[in-house]
Amino acid sequence: MTYIIKPKLHHPTLTPNALGYTRRDYEGAISTMCAGCGHDSISAAVIQACYELDIEPHRVAKLSGIGCSSKSPDYFLGNAHGFNTVHGRMPSVLTGANMANKDLLYLGISGDGDTASIGLGQFAHAIRRGVKMVYLVENNGVYGLTKGQFSATADAGSKSKGGVVNEDSPIDLCALALQLGATFVARSFSGDKEQLVPLLKAAFTHGGTAMIDVLSPCVTFNNHAGSTKSYDYVREHNDALNRLDIFFGRDEITADYAPGSTVEVTQHDGSILRLHKLHDSYTPTDRLHAMRYLEERKAIGEIVTGLLYVDQQPTTLHDHLKTADQPLNRLDAKTLSPGRAKLEEINASLR
Amino acid sequence: MSTITQPLQRTNDFVVKFANVNGSGSASANSLFARSILRMGVPASARNIFPSNIQGLPTWYEVRVSGSGWLARRGGVDLMVAMNPQTWDRDVAEVEPGGYLFYDSTRFIPRGKFRDDITVLGLPLTEICNREFTSPRERQLFKNIMYLGALAALLGIDLTEIDKLIQEQYGSKQKLIDSNLKVLRLGHDAATESLPCPIGLRVERSDQVGKRIFIDGNTAAGLGCVYGGATVAGWYPITPSTSVIEAFTSYCKQLRHDPETGKANYAIVQAEDELASIGMVVGAGWNGARAFTATSGPGISLMQEFFGLAYFAEIPAMVVNVQRGGPSTGMPTRTQQSDVLACAYASHGDTKHVLLFPQDPHETFEYSALGLDLAERLQTPVFVMIDLDIGMNEWLVDPFEWDDSREYDRGKVMTAEELEAGKDFGRYLEVDGDGIPYRTLPGTHPKRGAYFTRGTTRDPYAKYSEVGSVYIGNMERLLKKFDTARTLVPAPVVQKARQRADFGVIYYGSTSEAMREALAQLEAQGLHVDAMRVRGFPFADEVYRFVEDHPVTFVVEQNRDAQLKTLLVTEGQLNPAQLVEVLHYDGTPITARFISREIAARMDAAKVTPIKKVAS
């Protein structure tokens, strides 16, 4: 992984957000991804979402595993602590970090190899535990850093750059996340910033386990005819469910969304997701409906994008553990040590 | 040929072994037996030898009663309580000449199944239980309490001590108390009426126990982690370490709540596997919480990748490793000290880890708390190396101590104020000459102190770098840090022989109690040996000097391949011929007899003349 520091020059016309930060304050090192890599678009979307949400960059902890996707946290939120862990094990490290300090925003960045192959178990268990985080999969269906092997999300029948046909069934991470109990499940496309940025914003404010599977074409190894994760293929088969706006008790953030009926979903923190439905019959608060819908559309070769499911009152790992309000990493010896007198009592009970 | 052997006559100095069937409910009665002797003020120690199985396979519980204060396994059995027909022959064979055999005489046992040189004590336990109780479970469970009553009569144990223990055990469950006390007396009366009570083995009230406590090492580790300030534990069940976390959980529930809200000042997650459990510890350590996991050999194998990450990325993590018989699944319920090398050099590449070797539950408590300090001070994994013998057996040890003024060593953590003041922050920068860099915790400062943690190589400012000299500089600094660790781990303990000694012996961990007695046995034979107990790795220079000062040093350990010796030779660049292995690895705790016999044999082979002959 090459690390290149960006020049610190700020354009005078950059608009500060409510915290006084400009968009540049949310950037990181210069990307070393291939030109045109979908992952860079996702990094840009993360920057945009955090900037618009007035998130303090240093209050984000960004964790990743190994792979192209896992390099990308270096390229945004340079003032946040990052942790490039080991292959497929980011969810456990993020879980531990979250246990230590519930006050930070946790962003897990992973890839399809990192999540759906070696890390499938950790992905599943972090989600079923309700770890409060945004778990973002940069999904290109291929192993880029080792030059082009299929990953577990590659569709059956799709071809590698060398023409090999994938015979194995793909793992649908959204279907899995729904089954495992994620309280926010979405799919998007790195080439659709208008959809992705609001989804990220909604995920950041969600308050529970938010999983976003972002199809992110690999321009070097999986952007050819025969791939089902190429820019062209995804654009042609994108079945967008909805576009959304997110509202807080202050300024309304608007965007130019496609027309259609609208539904509002209030999140635990009071923010409102206004969903511009592109499919009138779709209900994003019904887990079973979402699971069925995904399967139906998959059967006819469509890629469903948008907010698939949201639980308006999510509970988290810390709720389940009934932990104190004060983050555990701030407790001092006086609070933590039960003291000598108590130890004497324990000694007495052991005689 | 039969020999006439006088029945053993010993007071407060004998070994009782219970042969039972796993799942028959004997553990509670056997523990009450040991505790009742302690309550009479007589030192005793207990070893549970059990199968990796829930029901049906053989299990043993061995109690050594020692007015002399020797608490290791002695070897040999003076009174066998033979309750398992499946192991009858080997149990009978294990009794010392002149010893005693207590058994359930309900079922006929052919005379050929006994020995002429031991005293046989039969009581129809099943018959009495069947007469008194109707439920199959009661008949089974109360058979154990009944033999406890009978043993009290045979050995002169004060029944009122057992009464009190039963009352403490069952608390407010008066019905259970009443029934247990009734059965206890049934056994006592039956033995008094039909057996020659008391026998030659006796318990006499004493005052040698004092303030000491009776506790297993896993409980001590869990409590040590509470006192040491651990707030996060990720774990995965594995024998024999599971009860470390169970104890930690139990003590946290009692002691670790926010007084105002009642909410938990701790977070414990049962992970999906060992990889996730250490991953959680690493994540929490990175984020500034004191975190640990407990595991055993197979878990250590699975955690290797994370140990390498934590070592190289310099993240505090503590592991309580309760070693069991290996390799592979090995002997899950037997003890060994066979993870020493696996932990010392865990993970690929050049790694070295800090190891602590407590000798008993008392030190396990201390080292669990100390390990959390060292992990943060050194920003690295620290392994508390106990074994099944320490972890799952109850030991008579000095009471735990705690200094209320003790502050946790949180290591070099740069604060927002320090960053604001413009202090130069390089995550992997050598600042103080001890190899330990400063770190910042996530969320500390809006503009300063953030860095990217990774397992790939980097420069002192945490920037990725593949430059060879930069890599070497980092690796050399890690070695310097390891040298600093040498000064922070507990120093070795030396016991000099009364006479000048050319021979030394090095040992560690659970071997210590047996070694204490073995040294006395050797001395009684006129064989003088200087002894050193190693308590931490990296080894202090004193350890190497000890080896240099003795032409021959025995290294006593409980594994096949002499792992500590390998570590000594490798790290100290010692001549392997100077170190003579004494190895015990059948899965049972090492005995004093074994050590003294093996060392004496080696000294005999080396033609060492005893300075003082053994008194005949």
# chains A, B, ... in the order shown; residues from 1 in each chain; ligands from 1

call {"tool": "interface_residues", "arguments": {"of": "chain A", "to": "chain B", "cutoff": "6 Å", "atoms": "only C-alpha atoms", "output": "PyMOL selection string"}}
result
chain A and resi 3+58-59+79-84+92-97+100+322-324+329+336-337+339-340+347+350-351

call {"tool": "residues_around", "arguments": {"residues": "Gly270 in chain A", "least_positions_apart": "5", "cutoff": "12 Å", "atoms": "only C-alpha atoms", "output": "PDB file with N, CA and C atoms, in the first residue's frame"}}
result
ATOM      1  N   ALA A 202     -27.892   8.094   5.832  1.00  0.00           N
ATOM      2  CA  ALA A 202     -28.922   7.404   6.618  1.00  0.00           C
ATOM      3  C   ALA A 202     -28.282   6.330   7.489  1.00  0.00           C
ATOM      4  N   THR A 205     -26.589   7.723  10.605  1.00  0.00           N
ATOM      5  CA  THR A 205     -27.503   8.197  11.651  1.00  0.00           C
ATOM      6  C   THR A 205     -28.411   7.087  12.167  1.00  0.00           C
ATOM      7  N   HIS A 206     -28.228   5.887  11.643  1.00  0.00           N
ATOM      8  CA  HIS A 206     -29.187   4.825  11.917  1.00  0.00           C
ATOM      9  C   HIS A 206     -29.234   4.399  13.391  1.00  0.00           C
ATOM     10  N   GLY A 207     -28.106   4.219  14.029  1.00  0.00           N
ATOM     11  CA  GLY A 207     -28.136   3.837  15.443  1.00  0.00           C
ATOM     12  C   GLY A 207     -28.086   2.347  15.682  1.00  0.00           C
ATOM     13  N   ILE A 246     -32.589  12.664   3.634  1.00  0.00           N
ATOM     14  CA  ILE A 246     -32.568  12.505   5.086  1.00  0.00           C
ATOM     15  C   ILE A 246     -32.737  13.884   5.719  1.00  0.00           C
ATOM     16  N   PHE A 247     -33.632  13.993   6.683  1.00  0.00           N
ATOM     17  CA  PHE A 247     -33.951  15.264   7.328  1.00  0.00           C
ATOM     18  C   PHE A 247     -33.638  15.206   8.806  1.00  0.00           C
ATOM     19  N   PHE A 248     -33.152  16.334   9.307  1.00  0.00           N
ATOM     20  CA  PHE A 248     -32.951  16.467  10.740  1.00  0.00           C
ATOM     21  C   PHE A 248     -33.840  17.608  11.215  1.00  0.00           C
ATOM     22  N   GLY A 249     -33.749  17.936  12.434  1.00  0.00           N
ATOM     23  CA  GLY A 249     -34.559  19.016  12.959  1.00  0.00           C
ATOM     24  C   GLY A 249     -34.028  20.375  12.533  1.00  0.00           C
ATOM     25  N   ARG A 250     -33.191  20.393  11.544  1.00  0.00           N
ATOM     26  CA  ARG A 250     -32.638  21.678  11.096  1.00  0.00           C
ATOM     27  C   ARG A 250     -32.772  21.749   9.588  1.00  0.00           C
ATOM     28  N   GLU A 264     -42.100   8.117   4.508  1.00  0.00           N
ATOM     29  CA  GLU A 264     -41.156   8.651   5.480  1.00  0.00           C
ATOM     30  C   GLU A 264     -40.907   7.633   6.584  1.00  0.00           C
ATOM     31  N   VAL A 265     -39.662   7.502   6.951  1.00  0.00           N
ATOM     32  CA  VAL A 265     -39.283   6.587   8.034  1.00  0.00           C
ATOM     33  C   VAL A 265     -38.484   7.385   9.064  1.00  0.00           C
ATOM     34  N   GLN A 312     -36.792   0.852  12.600  1.00  0.00           N
ATOM     35  CA  GLN A 312     -36.795   2.211  13.138  1.00  0.00           C
ATOM     36  C   GLN A 312     -36.334   2.277  14.596  1.00  0.00           C
ATOM     37  N   GLN A 313     -36.374   1.198  15.299  1.00  0.00           N
ATOM     38  CA  GLN A 313     -35.948   1.193  16.710  1.00  0.00           C
ATOM     39  C   GLN A 313     -34.919   0.084  16.944  1.00  0.00           C
TER      40      GLN A 313
END

call {"tool": "select_by_dssp", "arguments": {"residues": "range 292-415 of chain B", "states": "alpha helix (DSSP H)", "output": "compact mmCIF listing (two decimals) with C-alpha atoms, in the first residue's frame"}}
result
# COMPACT_ATOMS: atom_id res chain seq x y z
CA GLY B 297 -3.37 -24.59 23.16
CA PRO B 298 -5.75 -25.09 20.23
CA GLY B 299 -7.00 -21.55 20.73
CA ILE B 300 -3.44 -20.25 20.76
CA SER B 301 -2.91 -21.96 17.41
CA LEU B 302 -5.95 -20.23 15.95
CA GLN B 304 -1.52 -16.75 15.76
CA GLU B 305 -2.25 -14.22 13.02
CA PHE B 306 -3.61 -11.72 15.51
CA PHE B 307 -0.64 -12.17 17.83
CA GLY B 308 1.57 -11.14 14.95
CA LEU B 309 -0.60 -8.13 14.21
CA ALA B 310 -0.70 -7.03 17.84
CA TYR B 311 3.06 -7.46 18.14
CA PHE B 312 3.88 -5.54 14.98
CA ALA B 313 1.16 -2.90 15.21
CA VAL B 340 5.82 -22.25 25.86
CA LEU B 341 7.40 -22.01 22.42
CA ALA B 342 4.08 -21.57 20.63
CA CYS B 343 3.42 -18.49 22.75
CA ALA B 344 6.95 -17.11 22.95
CA PRO B 361 -3.48 -19.36 42.07
CA HIS B 362 -2.07 -16.66 44.35
CA GLU B 363 0.46 -15.59 41.73
CA THR B 364 -2.10 -16.14 38.99
CA PHE B 365 -4.21 -13.42 40.59
CA GLU B 366 -1.21 -11.10 40.81
CA TYR B 367 0.09 -11.81 37.31
CA SER B 368 -3.31 -11.40 35.71
CA ALA B 369 -3.43 -7.86 37.05
CA LEU B 370 0.25 -7.33 36.26
CA GLY B 371 -0.22 -8.71 32.74
CA LEU B 372 -2.77 -5.99 32.01
CA ASP B 373 -0.29 -3.37 33.18
CA LEU B 374 2.53 -4.84 31.11
CA ALA B 375 0.39 -5.15 28.00
CA GLU B 376 -0.37 -1.43 28.14
CA ARG B 377 3.10 -0.37 29.21
CA LEU B 378 4.71 -2.38 26.43
CA LEU B 388 -4.76 -27.17 33.92
CA ASP B 389 -3.17 -28.13 37.22
CA ILE B 390 -3.14 -24.55 38.44
CA GLY B 391 -6.27 -23.55 36.57
CA MET B 392 -8.76 -26.23 37.48

call {"tool": "select_by_dssp", "arguments": {"residues": "range 16-130 of chain B", "states": "strand (DSSP E or B)", "output": "JSON, numbers by chain"}}
result
{"B": [16, 17, 18, 19, 20, 21, 44, 45, 46, 47, 48, 49, 58, 59, 60, 61, 62, 63, 64, 65, 66, 73, 77, 78, 79, 80, 81, 82, 95, 96, 97, 98, 99, 100, 101, 102, 103, 104, 119, 120, 121, 122, 123]}

call {"tool": "residues_around", "arguments": {"residues": "Ser296 in chain B", "least_positions_apart": "5", "cutoff": "6 Å", "atoms": "only C-alpha atoms", "output": "ChimeraX atom specification"}}
result
/B:321-323

call {"tool": "write_last_selection", "arguments": {"atoms": "N, CA and C atoms", "output": "mmCIF file, in the first residue's frame"}}
result
data_model
loop_
_atom_site.group_PDB
_atom_site.id
_atom_site.type_symbol
_atom_site.label_atom_id
_atom_site.label_comp_id
_atom_site.auth_asym_id
_atom_site.auth_seq_id
_atom_site.Cartn_x
_atom_site.Cartn_y
_atom_site.Cartn_z
ATOM 1 N N ASN B 321 -3.441 -18.196 29.197
ATOM 2 C CA ASN B 321 -3.365 -19.484 28.506
ATOM 3 C C ASN B 321 -3.310 -20.603 29.541
ATOM 4 N N VAL B 322 -4.398 -21.350 29.604
ATOM 5 C CA VAL B 322 -4.454 -22.487 30.522
ATOM 6 C C VAL B 322 -4.045 -23.715 29.712
ATOM 7 N N GLN B 323 -2.776 -24.077 29.854
ATOM 8 C CA GLN B 323 -2.233 -25.121 28.984
ATOM 9 C C GLN B 323 -2.787 -26.504 29.327
#

call {"tool": "residues_around", "arguments": {"residues": "Thr609 in chain B", "least_positions_apart": "5", "cutoff": "10 Å", "atoms": "only C-alpha atoms", "output": "ChimeraX atom specification"}}
result
/B:526-527,603-604

call {"tool": "atom_distance", "arguments": {"atom1": "CA of Leu79 in chain B", "atom2": "CA of Ser512 in chain B"}}
result
25.6 Å

call {"tool": "residues_around", "arguments": {"residues": "Tyr135 in chain A", "least_positions_apart": "2", "cutoff": "8 Å", "atoms": "only C-alpha atoms", "output": "ChimeraX atom specification"}}
result
/A:107-110,133,137,209-212

call {"tool": "write_last_selection", "arguments": {"atoms": "C-alpha atoms", "output": "short mmCIF file (atom, residue, chain, number, x, y, z; two decimals), in the first residue's frame"}}
result
data_model
loop_
_atom_site.label_atom_id
_atom_site.label_comp_id
_atom_site.auth_asym_id
_atom_site.auth_seq_id
_atom_site.Cartn_x
_atom_site.Cartn_y
_atom_site.Cartn_z
CA LEU A 107 -17.15 2.53 9.89
CA GLY A 108 -16.13 -0.92 8.72
CA ILE A 109 -14.87 -1.05 5.17
CA SER A 110 -14.60 -4.42 3.58
CA MET A 133 -21.61 0.42 12.90
CA VAL A 137 -18.80 -3.70 1.39
CA THR A 209 -26.16 -2.30 12.49
CA ALA A 210 -26.17 -0.76 9.02
CA MET A 211 -24.89 -2.82 6.11
CA ILE A 212 -24.45 -1.37 2.65
#

call {"tool": "residues_around", "arguments": {"residues": "range 151-162 of chain A", "least_positions_apart": "2", "cutoff": "10 Å", "atoms": "only C-alpha atoms", "output": "JSON, numbers by chain"}}
result
{"A": [111, 112, 113, 114, 115, 116, 117, 118, 120, 139, 140, 141, 142, 143, 144, 147, 148, 149, 164, 165, 166, 167, 168, 169, 170, 171, 172, 173, 220, 221, 222, 223, 224, 225, 226, 227, 228, 229]}

call {"tool": "atom_distance", "arguments": {"atom1": "CA of Pro316 in chain B", "atom2": "CA of Thr380 in chain B"}}
result
4.5 Å
